[in-house]
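Read the structure below first, then the notes.
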Amino acid sequence: MTDYPIELLGLTKRFTVKKALGPEEMGVLRLLRRLLLRHKTKETIVAVNNVSFKVRRGELFGLLGPNGAGKTTLVKTLCTLLWPNNGTALINGYDIRKEPEKVRASIGTVLDIHMGWYGRLSCRQNLLFYAQLYGIPRSEIKDRIWEALELVGLTEKADEWQQKLSSGMRRKLDMARALLPDPPVLLLDEPTIQLDPKAARDLRKMVKEELCHRRGKTVLWTTHNMNEAEQICDRVAIIHKGRIIAIGPPEEVKQLVKSSKNIILEIGEAHQKLIDSIKELDGVISVLSDELPSGLSKIKVQVKDEGIAPIIAQTVIQSGGALHSIMVEEPTLEEALIKLTKE
């Protein structure tokens, strides 16, 4: 039993695609270009570029990045749907190049597509079909199916046709299928997409507490939801243009962009003289003001050092403002991703 059920070793995946044509290449010129310069109309895109990292047993590891960064390609390569051009990865100790069958037997996957379901079969019947494909002993199938449905909150729809399920419930069924063979490794690509807020919260809690903490499963979780990643991930990696540009616990990743902080004030009235007084203070970078529904004014002061907070509070009072609250706002994971992936 390996201590690192997911281990990437210089993993690289490239695609050859047709080049986009400019406006000047439309019409007849486009046809001529395709016929005469066929070898020059293709380009190589490196979707995953020499990626290496390890995920510990029982860890919930988040993979974050903007659209087109390489998250889904990486997950599909790990679950052997795509073949790497260079490098490799070990899943539960098995090499994705040399032992793809053993890799597939070690993982449960939720991808960004809904495929492989029979619409006129119930949830229970669909899972029975997959349980037989997975080779689950007949004596265990009934209990395994019920447990998977229970974990994802789909027991009330067990005998509902798959095609009658809402998009969110279909996503839950995707998750139930991934859990059915009780795999040690889960590769989850945007698992909470299409779920309502309560269902998404319940799924996050189940994965974090039940699967990772109690059962020791290892989870790779891709998401665009930075709040989600901050709440549940033990560590995160930010991928940009196929490369890992930051990796570590969420708090450490956020500190990489901690060049300034925001001080948030709520005051009774933010007149221009008060705002100008704050702007004139040493160490203040910018000041933004907004009206709250409560009638109070919210002032966001970007500063180089949070130690200036007492001086700002004193300035507000001296300028005639009624200070209701003041707090230091830490950088968020979303801000870190935006700054780290900024061109």
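Ordering of the structure tokens sets the chain letters (A, B, ...); residue numbers start at 1 within each chain; ligands are numbered from 1 in the order shown.
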Q.
Considering only helix (DSSP H, G or I) as DSSP defines it on the backbone, what residues of range 178-207 of chain A qualify? List them as a list in words.
A.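 Helix (DSSP H, G or I) members of range 178-207 of chain A, listed: Ala178, Leu179, Pro197, Lys198, Ala199, Ala200, Arg201, Asp202, Leu203, Arg204, Lys205, Met206 and Val207 of chain A.
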Q. So how many Å separate CA of Arg57 in chain A and CA of Thr218 in chain A, to one decimal?
A.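 Interatomic distance here is 5.3 Å.
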Q: Have a look at CA of Ile285 in chain A and CA of Glu334 in chain A and let me know their distance in Å, one decimal.
A: 20.6 Å
Q.
One decimal, in Å: what's the spacing between CA of Leu151 in chain A and CA of Lys217 in chain A?
A.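 Computed distance, CA of Leu151 in chain A to CA of Lys217 in chain A, equals 14.3 Å.
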Q. Which of these residues is nearest to Leu288 in chain A, using only C-alpha atoms: A:Ile6, A:Ile264, A:Ile308, A:Leu333?
A. A:Ile264
Q. Got a sec: who's within 10 Å of range 245-253 of chain A, counting only C-alpha atoms, leaving out chain neighbours fewer than 4 positions off, as a PyMOL selection string?
A. chain A and resi 51+53+61-65+226+229-241+257-258+330-333+336-337+340-341
Q. Tell me, which residues of range 176-288 of chain A carry DSSP strand (DSSP E or B), written as a ChimeraX atom specification?
A. /A:185-189,218-223,235-240,243-248,261-267,284-288
Could the residues in this selection be saved with N, CA and C atoms as a compact mmCIF listing (two decimals), in the first residue's frame?
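Final output, again.txt:
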```
# COMPACT_ATOMS: atom_id res chain seq x y z
N VAL A 185 -9.16 5.52 -4.88
CA VAL A 185 -8.85 6.83 -5.47
C VAL A 185 -10.06 7.34 -6.23
N LEU A 186 -10.40 8.63 -6.02
CA LEU A 186 -11.50 9.27 -6.74
C LEU A 186 -10.97 10.46 -7.52
N LEU A 187 -11.30 10.51 -8.81
CA LEU A 187 -10.94 11.63 -9.67
C LEU A 187 -12.23 12.35 -10.04
N LEU A 188 -12.45 13.53 -9.45
CA LEU A 188 -13.72 14.23 -9.56
C LEU A 188 -13.53 15.54 -10.30
N ASP A 189 -14.09 15.62 -11.51
CA ASP A 189 -13.96 16.82 -12.33
C ASP A 189 -15.23 17.65 -12.21
N THR A 218 -8.43 8.78 -1.30
CA THR A 218 -7.65 9.89 -1.85
C THR A 218 -8.45 10.52 -2.98
N VAL A 219 -8.62 11.84 -2.94
CA VAL A 219 -9.51 12.52 -3.88
C VAL A 219 -8.77 13.65 -4.59
N LEU A 220 -8.84 13.63 -5.93
CA LEU A 220 -8.41 14.76 -6.75
C LEU A 220 -9.67 15.45 -7.24
N TRP A 221 -9.82 16.73 -6.87
CA TRP A 221 -11.08 17.47 -7.08
C TRP A 221 -10.77 18.72 -7.89
N THR A 222 -11.30 18.82 -9.11
CA THR A 222 -11.12 20.04 -9.88
C THR A 222 -12.34 20.93 -9.69
N THR A 223 -12.13 22.23 -9.67
CA THR A 223 -13.25 23.15 -9.46
C THR A 223 -12.90 24.55 -9.93
N ARG A 235 -4.88 20.53 0.30
CA ARG A 235 -3.90 21.27 -0.51
C ARG A 235 -4.53 21.57 -1.86
N VAL A 236 -4.00 22.58 -2.53
CA VAL A 236 -4.47 22.92 -3.87
C VAL A 236 -3.26 23.15 -4.78
N ALA A 237 -3.49 22.96 -6.06
CA ALA A 237 -2.50 23.31 -7.07
C ALA A 237 -3.20 24.19 -8.10
N ILE A 238 -2.53 25.24 -8.52
CA ILE A 238 -3.07 26.11 -9.57
C ILE A 238 -2.35 25.77 -10.87
N ILE A 239 -3.12 25.41 -11.88
CA ILE A 239 -2.56 25.06 -13.18
C ILE A 239 -2.90 26.16 -14.16
N HIS A 240 -1.90 26.56 -14.98
CA HIS A 240 -2.09 27.62 -15.95
C HIS A 240 -1.30 27.27 -17.20
N ARG A 243 0.82 24.13 -16.93
CA ARG A 243 1.88 24.04 -15.92
C ARG A 243 1.35 24.32 -14.53
N ILE A 244 1.90 23.67 -13.53
CA ILE A 244 1.58 23.96 -12.14
C ILE A 244 2.41 25.17 -11.72
N ILE A 245 1.72 26.26 -11.34
CA ILE A 245 2.43 27.49 -10.98
C ILE A 245 2.40 27.76 -9.49
N ALA A 246 1.59 27.01 -8.75
CA ALA A 246 1.55 27.15 -7.28
C ALA A 246 0.94 25.89 -6.70
N ILE A 247 1.47 25.47 -5.55
CA ILE A 247 0.94 24.27 -4.90
C ILE A 247 1.17 24.38 -3.40
N GLY A 248 0.20 23.93 -2.61
CA GLY A 248 0.33 23.97 -1.16
C GLY A 248 -1.03 24.10 -0.51
N LYS A 261 -3.08 44.40 1.74
CA LYS A 261 -4.28 43.93 2.44
C LYS A 261 -5.38 44.96 2.32
N ASN A 262 -6.59 44.51 2.57
CA ASN A 262 -7.74 45.41 2.55
C ASN A 262 -8.27 45.59 3.97
N ILE A 263 -8.55 46.82 4.32
CA ILE A 263 -9.20 47.12 5.60
C ILE A 263 -10.61 47.59 5.28
N ILE A 264 -11.59 46.90 5.86
CA ILE A 264 -13.00 47.18 5.57
C ILE A 264 -13.62 47.93 6.75
N LEU A 265 -14.20 49.09 6.44
CA LEU A 265 -14.87 49.89 7.47
C LEU A 265 -16.34 50.05 7.13
N GLU A 266 -17.18 50.07 8.16
CA GLU A 266 -18.58 50.43 8.01
C GLU A 266 -18.82 51.66 8.87
N ILE A 267 -19.26 52.74 8.22
CA ILE A 267 -19.46 54.00 8.93
C ILE A 267 -20.83 54.58 8.61
N VAL A 284 -1.52 54.08 2.40
CA VAL A 284 -2.80 53.79 1.76
C VAL A 284 -2.60 53.76 0.25
N ILE A 285 -3.05 52.65 -0.38
CA ILE A 285 -2.90 52.50 -1.83
C ILE A 285 -4.13 52.99 -2.57
N SER A 286 -5.31 52.61 -2.09
CA SER A 286 -6.55 53.04 -2.74
C SER A 286 -7.69 53.01 -1.74
N VAL A 287 -8.76 53.75 -2.06
CA VAL A 287 -9.95 53.80 -1.21
C VAL A 287 -11.19 53.70 -2.10
N LEU A 288 -12.06 52.74 -1.79
CA LEU A 288 -13.32 52.58 -2.51
C LEU A 288 -14.48 52.67 -1.53
```
